[in-house]
Amino acid sequence: MPEIHASMRGIARIYPGPKPVHALGPLDLDIAKGEFFAVVGPSGCGKSTLLDVLAGLSAPTEGHITFEDKPVAGTVPDGIGVVFQEDASFPWLTVQDNVAFGLRRAGTDAAEVARRVDYAIGFMGLRDFAKAYPAQLSGGMRQRVCIARTLVLQPRMILLDEPFGALDQQTRLLMGDELLRLWRETGATVLLITHALDEAAMLSDRVGVMSARPGIFIDLVETGWPRDRDSRIVSDPAFGAVTGRLWSSLRVESMKAMGR
Ligand SMILES: Nc1ncnc2c1ncn2[C@@H]1O[C@H](COP(=O)(O)OP(=O)(O)O)[C@@H](O)[C@H]1O
Ligand SMILES: [Mg+2]
């Protein structure tokens with residue numbers, strides 16, 4: 001049995017208000033240590049809600065979450081890093097200062113900040129842009145900055161919410177390769193939320209397919225890829241079988257989400 005890194009039991013989230021919105025669950029999920037787990041589901045099914053509760057950014061209405069056997073409640077646990085959608089970088093800071101931001105705020109000493117920032121910037125191929133501002137970078141480069149900002153915190157689990165959604169297809173595939181490299185070299189557990197079935201199929205060990213809101217897992221698909229995979233897997237015949245299975249699970253749910 002692989003070691004469990006994060007575990008959700010009976011998790012549900014209802015947004016209160018005059019017309020409460022039942023966004024998620026109840027659902028159970030175990031993510032193994034070192035696993036690359038992707039979540040796909042129709043728009044509005046509760047994917048971001050799932051990430052928020054797992055990251056401790058919002059409390060579930062019901063249920064219990066643990067990360068490294070400790071309950072998650074109220075704050076982002078030490079060891080979890082979150083990457084949000086594009087343009088989460090601070091436009092008034094250089095790449096270097098964007099990457100250093102979290103460490104400086106945590107009061108890390110200057111030499112350690114410099115060492116870790118240098119590593120993260122080098123790892124993400126940003127060395128030539130260290131003194132540039134986000135506005136001077138392409139969308140793919142800005143997204144590398146956001147990943148470097150998380151990487152510098154040395155997370156043992158990385159949660160990403162549709163990080164490549166705004167990028168063109170080629171850039172998306174190449175960013176996927178970067179993410180695989182990061183996953184392999186850091187040994188971190190990854191949870192990737194995406195609306196792109198090909199991205200989920202190409203990158204992950206396992207894909208969780210969510211129903212229309214309130215989102216629950218209706219299928220869990222093991223891809224069976226080797227650890228040293230990359231985007232060339234899209235031309236493997238087995239890749240079509242994985243995306244086909246994802247789509248057949250998702251098709252009816254997507255129609256429901258569209259009111260069909
Ligand atoms: N703060 C909030 N207050 C009320 N409803 C919300 C809030 N955030 C999200 N929702 C609703 O919860 C549902 C799930 O949202 P979300 O988790 O963002 O879905 P996804 O990321 O899958 O598109 C949607 O119907 C959305 O409108
Ligand atoms: Mg979302």
# chains A, B, ... in the order shown; residues from 1 in each chain; ligands from 1
$ closest_atom_pairs --of "chain A" --to "ligand 1" --cutoff "6 Å" --atoms "only C-alpha atoms and all ligand atoms" --output "CSV"
residue,atom,partner,partner_atom_place_in_ligand_line,distance
A:Tyr15,CA,ligand 1,4 (C),4.9
A:Val21,CA,ligand 1,5 (N),5.6
A:Ala23,CA,ligand 1,12 (O),4.4
A:Ser43,CA,ligand 1,23 (O),4.1
A:Gly44,CA,ligand 1,23 (O),3.3
A:Cys45,CA,ligand 1,22 (O),4.0
A:Gly46,CA,ligand 1,17 (O),3.2
A:Lys47,CA,ligand 1,22 (O),3.7
A:Ser48,CA,ligand 1,21 (O),3.7
A:Thr49,CA,ligand 1,17 (O),3.7
$ residues_near_ligand --ligand "ligand 2" --cutoff "12 Å" --atoms "only C-alpha atoms and all ligand atoms" --output "list in words"
Ala23, Val39, Val40, Gly41, Pro42, Ser43, Gly44, Cys45, Gly46, Lys47, Ser48, Thr49, Leu50, Leu51, Asp52, Phe84, Gln85, Leu160, Asp161, Glu162, Pro163, Gly165, Leu192, Ile193, Thr194, His195 and Gly215 of chain A
$ closest_residue --among "A:Leu173, A:Ala200, A:Val252, A:Leu103" --to "Phe239 of chain A" --atoms "only C-alpha atoms"
A:Ala200
$ select_by_dssp --residues "segment 14-199 of chain A" --states "strand (DSSP E or B)" --output "compact mmCIF listing (two decimals) with N, CA and C atoms, in the first residue's frame"
# COMPACT_ATOMS: atom_id res chain seq x y z
N ILE A 14 -20.93 23.80 1.26
CA ILE A 14 -22.14 24.53 0.87
C ILE A 14 -21.85 25.99 1.13
N TYR A 15 -21.94 26.82 0.07
CA TYR A 15 -21.74 28.26 0.27
C TYR A 15 -23.02 28.83 0.87
N VAL A 21 -25.51 27.52 -1.98
CA VAL A 21 -25.03 26.76 -3.14
C VAL A 21 -24.28 25.53 -2.64
N HIS A 22 -24.85 24.36 -2.93
CA HIS A 22 -24.15 23.12 -2.59
C HIS A 22 -23.14 22.85 -3.70
N ALA A 23 -21.87 23.20 -3.44
CA ALA A 23 -20.84 23.17 -4.49
C ALA A 23 -20.14 21.83 -4.59
N LEU A 24 -20.02 21.12 -3.49
CA LEU A 24 -19.10 19.97 -3.50
C LEU A 24 -19.58 18.87 -2.55
N GLY A 25 -19.40 17.63 -3.00
CA GLY A 25 -19.49 16.45 -2.16
C GLY A 25 -20.90 16.09 -1.71
N PRO A 26 -20.98 15.20 -0.68
CA PRO A 26 -19.86 14.67 0.09
C PRO A 26 -19.01 13.67 -0.69
N LEU A 27 -17.70 13.79 -0.51
CA LEU A 27 -16.80 12.89 -1.22
C LEU A 27 -15.63 12.47 -0.33
N ASP A 28 -15.03 11.35 -0.74
CA ASP A 28 -13.81 10.83 -0.10
C ASP A 28 -12.71 10.83 -1.15
N LEU A 29 -11.49 11.11 -0.74
CA LEU A 29 -10.37 11.01 -1.66
C LEU A 29 -9.08 10.80 -0.87
N ASP A 30 -8.27 9.86 -1.33
CA ASP A 30 -6.92 9.69 -0.79
C ASP A 30 -5.93 9.96 -1.90
N ILE A 31 -4.94 10.77 -1.63
CA ILE A 31 -3.87 11.02 -2.60
C ILE A 31 -2.59 10.45 -2.01
N ALA A 32 -1.92 9.61 -2.80
CA ALA A 32 -0.72 8.92 -2.31
C ALA A 32 0.48 9.86 -2.34
N PHE A 36 0.92 11.89 -8.88
CA PHE A 36 0.47 13.02 -9.71
C PHE A 36 -1.00 12.78 -10.00
N PHE A 37 -1.86 13.54 -9.34
CA PHE A 37 -3.30 13.32 -9.44
C PHE A 37 -3.93 14.52 -10.14
N ALA A 38 -4.71 14.26 -11.18
CA ALA A 38 -5.40 15.35 -11.89
C ALA A 38 -6.90 15.26 -11.63
N VAL A 39 -7.54 16.42 -11.61
CA VAL A 39 -9.00 16.48 -11.45
C VAL A 39 -9.58 17.18 -12.67
N VAL A 40 -10.54 16.50 -13.32
CA VAL A 40 -11.28 17.15 -14.40
C VAL A 40 -12.76 17.14 -14.05
N GLU A 62 -18.84 20.07 5.88
CA GLU A 62 -18.83 18.76 6.55
C GLU A 62 -17.54 18.05 6.19
N GLY A 63 -17.14 17.13 7.05
CA GLY A 63 -16.05 16.23 6.71
C GLY A 63 -14.74 16.59 7.34
N HIS A 64 -13.74 15.80 7.02
CA HIS A 64 -12.47 15.86 7.72
C HIS A 64 -11.33 15.68 6.71
N ILE A 65 -10.32 16.53 6.81
CA ILE A 65 -9.17 16.45 5.89
C ILE A 65 -7.90 16.32 6.70
N THR A 66 -7.01 15.43 6.24
CA THR A 66 -5.68 15.39 6.84
C THR A 66 -4.63 15.53 5.76
N PHE A 67 -3.52 16.16 6.14
CA PHE A 67 -2.32 16.23 5.30
C PHE A 67 -1.17 15.78 6.19
N LYS A 70 -2.03 15.09 9.77
CA LYS A 70 -2.48 16.17 10.67
C LYS A 70 -3.72 16.83 10.07
N PRO A 71 -4.68 17.21 10.90
CA PRO A 71 -5.89 17.84 10.37
C PRO A 71 -5.58 19.17 9.68
N ILE A 80 2.41 22.54 2.00
CA ILE A 80 1.53 22.64 0.82
C ILE A 80 1.79 23.96 0.11
N GLY A 81 1.97 23.90 -1.21
CA GLY A 81 2.14 25.10 -2.03
C GLY A 81 1.02 25.16 -3.05
N VAL A 82 0.51 26.36 -3.30
CA VAL A 82 -0.61 26.51 -4.23
C VAL A 82 -0.21 27.40 -5.41
N VAL A 83 -0.56 26.97 -6.62
CA VAL A 83 -0.35 27.78 -7.82
C VAL A 83 -1.73 28.11 -8.41
N MET A 157 3.72 19.04 -1.22
CA MET A 157 2.53 18.81 -2.05
C MET A 157 2.19 20.12 -2.74
N ILE A 158 2.00 20.04 -4.07
CA ILE A 158 1.72 21.23 -4.85
C ILE A 158 0.32 21.13 -5.44
N LEU A 159 -0.51 22.13 -5.20
CA LEU A 159 -1.87 22.17 -5.72
C LEU A 159 -1.92 23.24 -6.80
N LEU A 160 -2.40 22.88 -7.99
CA LEU A 160 -2.45 23.86 -9.08
C LEU A 160 -3.88 23.93 -9.63
N ASP A 161 -4.42 25.15 -9.71
CA ASP A 161 -5.79 25.33 -10.19
C ASP A 161 -5.77 25.90 -11.60
N THR A 189 4.19 15.57 -4.18
CA THR A 189 2.88 15.11 -4.62
C THR A 189 2.24 16.27 -5.38
N VAL A 190 1.55 15.97 -6.48
CA VAL A 190 0.93 17.04 -7.26
C VAL A 190 -0.57 16.79 -7.41
N LEU A 191 -1.36 17.81 -7.17
CA LEU A 191 -2.78 17.78 -7.51
C LEU A 191 -3.03 18.89 -8.51
N LEU A 192 -3.40 18.50 -9.72
CA LEU A 192 -3.59 19.46 -10.81
C LEU A 192 -5.06 19.50 -11.19
N ILE A 193 -5.65 20.69 -11.12
CA ILE A 193 -7.01 20.87 -11.60
C ILE A 193 -6.94 21.44 -13.00
$ closest_residue --among "A:Arg142, A:Lys256, A:Arg127, A:Arg105" --to "Arg213 of chain A" --atoms "only C-alpha atoms"
A:Lys256
$ select_by_dssp --residues "segment 119-155 of chain A" --states "alpha helix (DSSP H)" --output "VMD selection string"
chain A and resid 119 to 123 139 to 151
$ atom_distance --atom1 "atom CA of Pro155 of chain A" --atom2 "atom CA of Lys131 of chain A"
24.6 Å
$ atom_distance --atom1 "atom CA of Glu68 of chain A" --atom2 "atom CA of Ile4 of chain A"
7.6 Å
$ residues_around --residues "Asp228 of chain A" --least-positions-apart "4" --cutoff "10 Å" --atoms "only C-alpha atoms" --output "PyMOL selection string"
chain A and resi 180-181+184
$ atom_distance --atom1 "atom CA of Ala106 of chain A" --atom2 "atom CA of Ala188 of chain A"
21.1 Å
$ residues_around --residues "Phe164 of chain A" --least-positions-apart "6" --cutoff "9 Å" --atoms "only C-alpha atoms" --output "ChimeraX atom specification"
/A:85-86,140,143,171-172,175-176,194
$ write_last_selection --atoms "N, CA and C atoms" --output "JSON list (two decimals), in the first residue's frame"
[["chain", "number", "residue", "atom", "x", "y", "z"],
["A", 85, "GLN", "N", -4.35, 30.57, -11.08],
["A", 85, "GLN", "CA", -4.37, 30.82, -12.52],
["A", 85, "GLN", "C", -3.40, 31.93, -12.90],
["A", 86, "GLU", "N", -3.29, 32.15, -14.18],
["A", 86, "GLU", "CA", -2.33, 33.11, -14.70],
["A", 86, "GLU", "C", -2.47, 34.48, -14.04],
["A", 140, "GLY", "N", 3.46, 32.20, -20.91],
["A", 140, "GLY", "CA", 4.12, 30.99, -20.42],
["A", 140, "GLY", "C", 5.20, 31.32, -19.39],
["A", 143, "GLN", "N", 3.74, 32.30, -16.10],
["A", 143, "GLN", "CA", 3.29, 31.13, -15.36],
["A", 143, "GLN", "C", 4.47, 30.41, -14.72],
["A", 171, "THR", "N", 2.29, 25.85, -25.92],
["A", 171, "THR", "CA", 2.90, 26.29, -24.66],
["A", 171, "THR", "C", 2.39, 25.44, -23.51],
["A", 172, "ARG", "N", 1.12, 25.09, -23.57],
["A", 172, "ARG", "CA", 0.52, 24.26, -22.53],
["A", 172, "ARG", "C", 1.22, 22.90, -22.43],
["A", 175, "MET", "N", 4.66, 23.46, -20.95],
["A", 175, "MET", "CA", 4.56, 23.73, -19.50],
["A", 175, "MET", "C", 4.24, 22.44, -18.75],
["A", 176, "GLY", "N", 3.47, 21.58, -19.40],
["A", 176, "GLY", "CA", 3.19, 20.27, -18.81],
["A", 176, "GLY", "C", 4.48, 19.49, -18.60],
["A", 194, "THR", "N", -7.68, 20.84, -13.91],
["A", 194, "THR", "CA", -7.62, 21.30, -15.30],
["A", 194, "THR", "C", -8.96, 21.04, -15.96]]
$ residues_around --residues "segment 73-76 of chain A" --least-positions-apart "6" --cutoff "8 Å" --atoms "only C-alpha atoms" --output "list in words"
Ala55, Gly56, Leu57, Ser58 and Ala59 of chain A
$ closest_residue --among "A:Arg245, A:Arg104, A:Arg9, A:Arg229" --to "Leu153 of chain A" --atoms "only C-alpha atoms"
A:Arg104
$ residues_around --residues "segment 88-102 of chain A" --least-positions-apart "2" --cutoff "12 Å" --atoms "only C-alpha atoms" --output "PyMOL selection string"
chain A and resi 81-86+104-122+124-137+139+141-154+161+163
$ decode --residues "segment 210-232 of chain A" --atoms "C-alpha atoms" --output "PDB file, in the first residue's frame"
ATOM      1  CA  MET A 210     -16.050  14.930 -11.215  1.00  0.00           C
ATOM      2  CA  SER A 211     -19.803  15.072 -11.722  1.00  0.00           C
ATOM      3  CA  ALA A 212     -21.765  18.260 -12.351  1.00  0.00           C
ATOM      4  CA  ARG A 213     -22.334  20.346  -9.177  1.00  0.00           C
ATOM      5  CA  PRO A 214     -22.327  19.265  -6.415  1.00  0.00           C
ATOM      6  CA  GLY A 215     -19.096  17.655  -7.551  1.00  0.00           C
ATOM      7  CA  ILE A 216     -18.288  14.114  -6.502  1.00  0.00           C
ATOM      8  CA  PHE A 217     -15.878  11.662  -8.123  1.00  0.00           C
ATOM      9  CA  ILE A 218     -17.708   9.538 -10.695  1.00  0.00           C
ATOM     10  CA  ASP A 219     -14.609   7.844 -12.117  1.00  0.00           C
ATOM     11  CA  LEU A 220     -10.967   7.358 -11.115  1.00  0.00           C
ATOM     12  CA  VAL A 221      -8.750   6.460 -14.061  1.00  0.00           C
ATOM     13  CA  GLU A 222      -5.221   5.051 -13.680  1.00  0.00           C
ATOM     14  CA  THR A 223      -3.141   6.075 -16.688  1.00  0.00           C
ATOM     15  CA  GLY A 224      -0.319   3.570 -16.176  1.00  0.00           C
ATOM     16  CA  TRP A 225       2.368   5.895 -17.605  1.00  0.00           C
ATOM     17  CA  PRO A 226       6.025   5.487 -16.633  1.00  0.00           C
ATOM     18  CA  ARG A 227       7.476   8.123 -14.306  1.00  0.00           C
ATOM     19  CA  ASP A 228       9.819   9.474 -16.982  1.00  0.00           C
ATOM     20  CA  ARG A 229       7.009  10.369 -19.411  1.00  0.00           C
ATOM     21  CA  ASP A 230       6.717  13.620 -21.331  1.00  0.00           C
ATOM     22  CA  SER A 231       4.373  15.300 -23.802  1.00  0.00           C
ATOM     23  CA  ARG A 232       5.336  12.865 -26.572  1.00  0.00           C
TER      24      ARG A 232
END
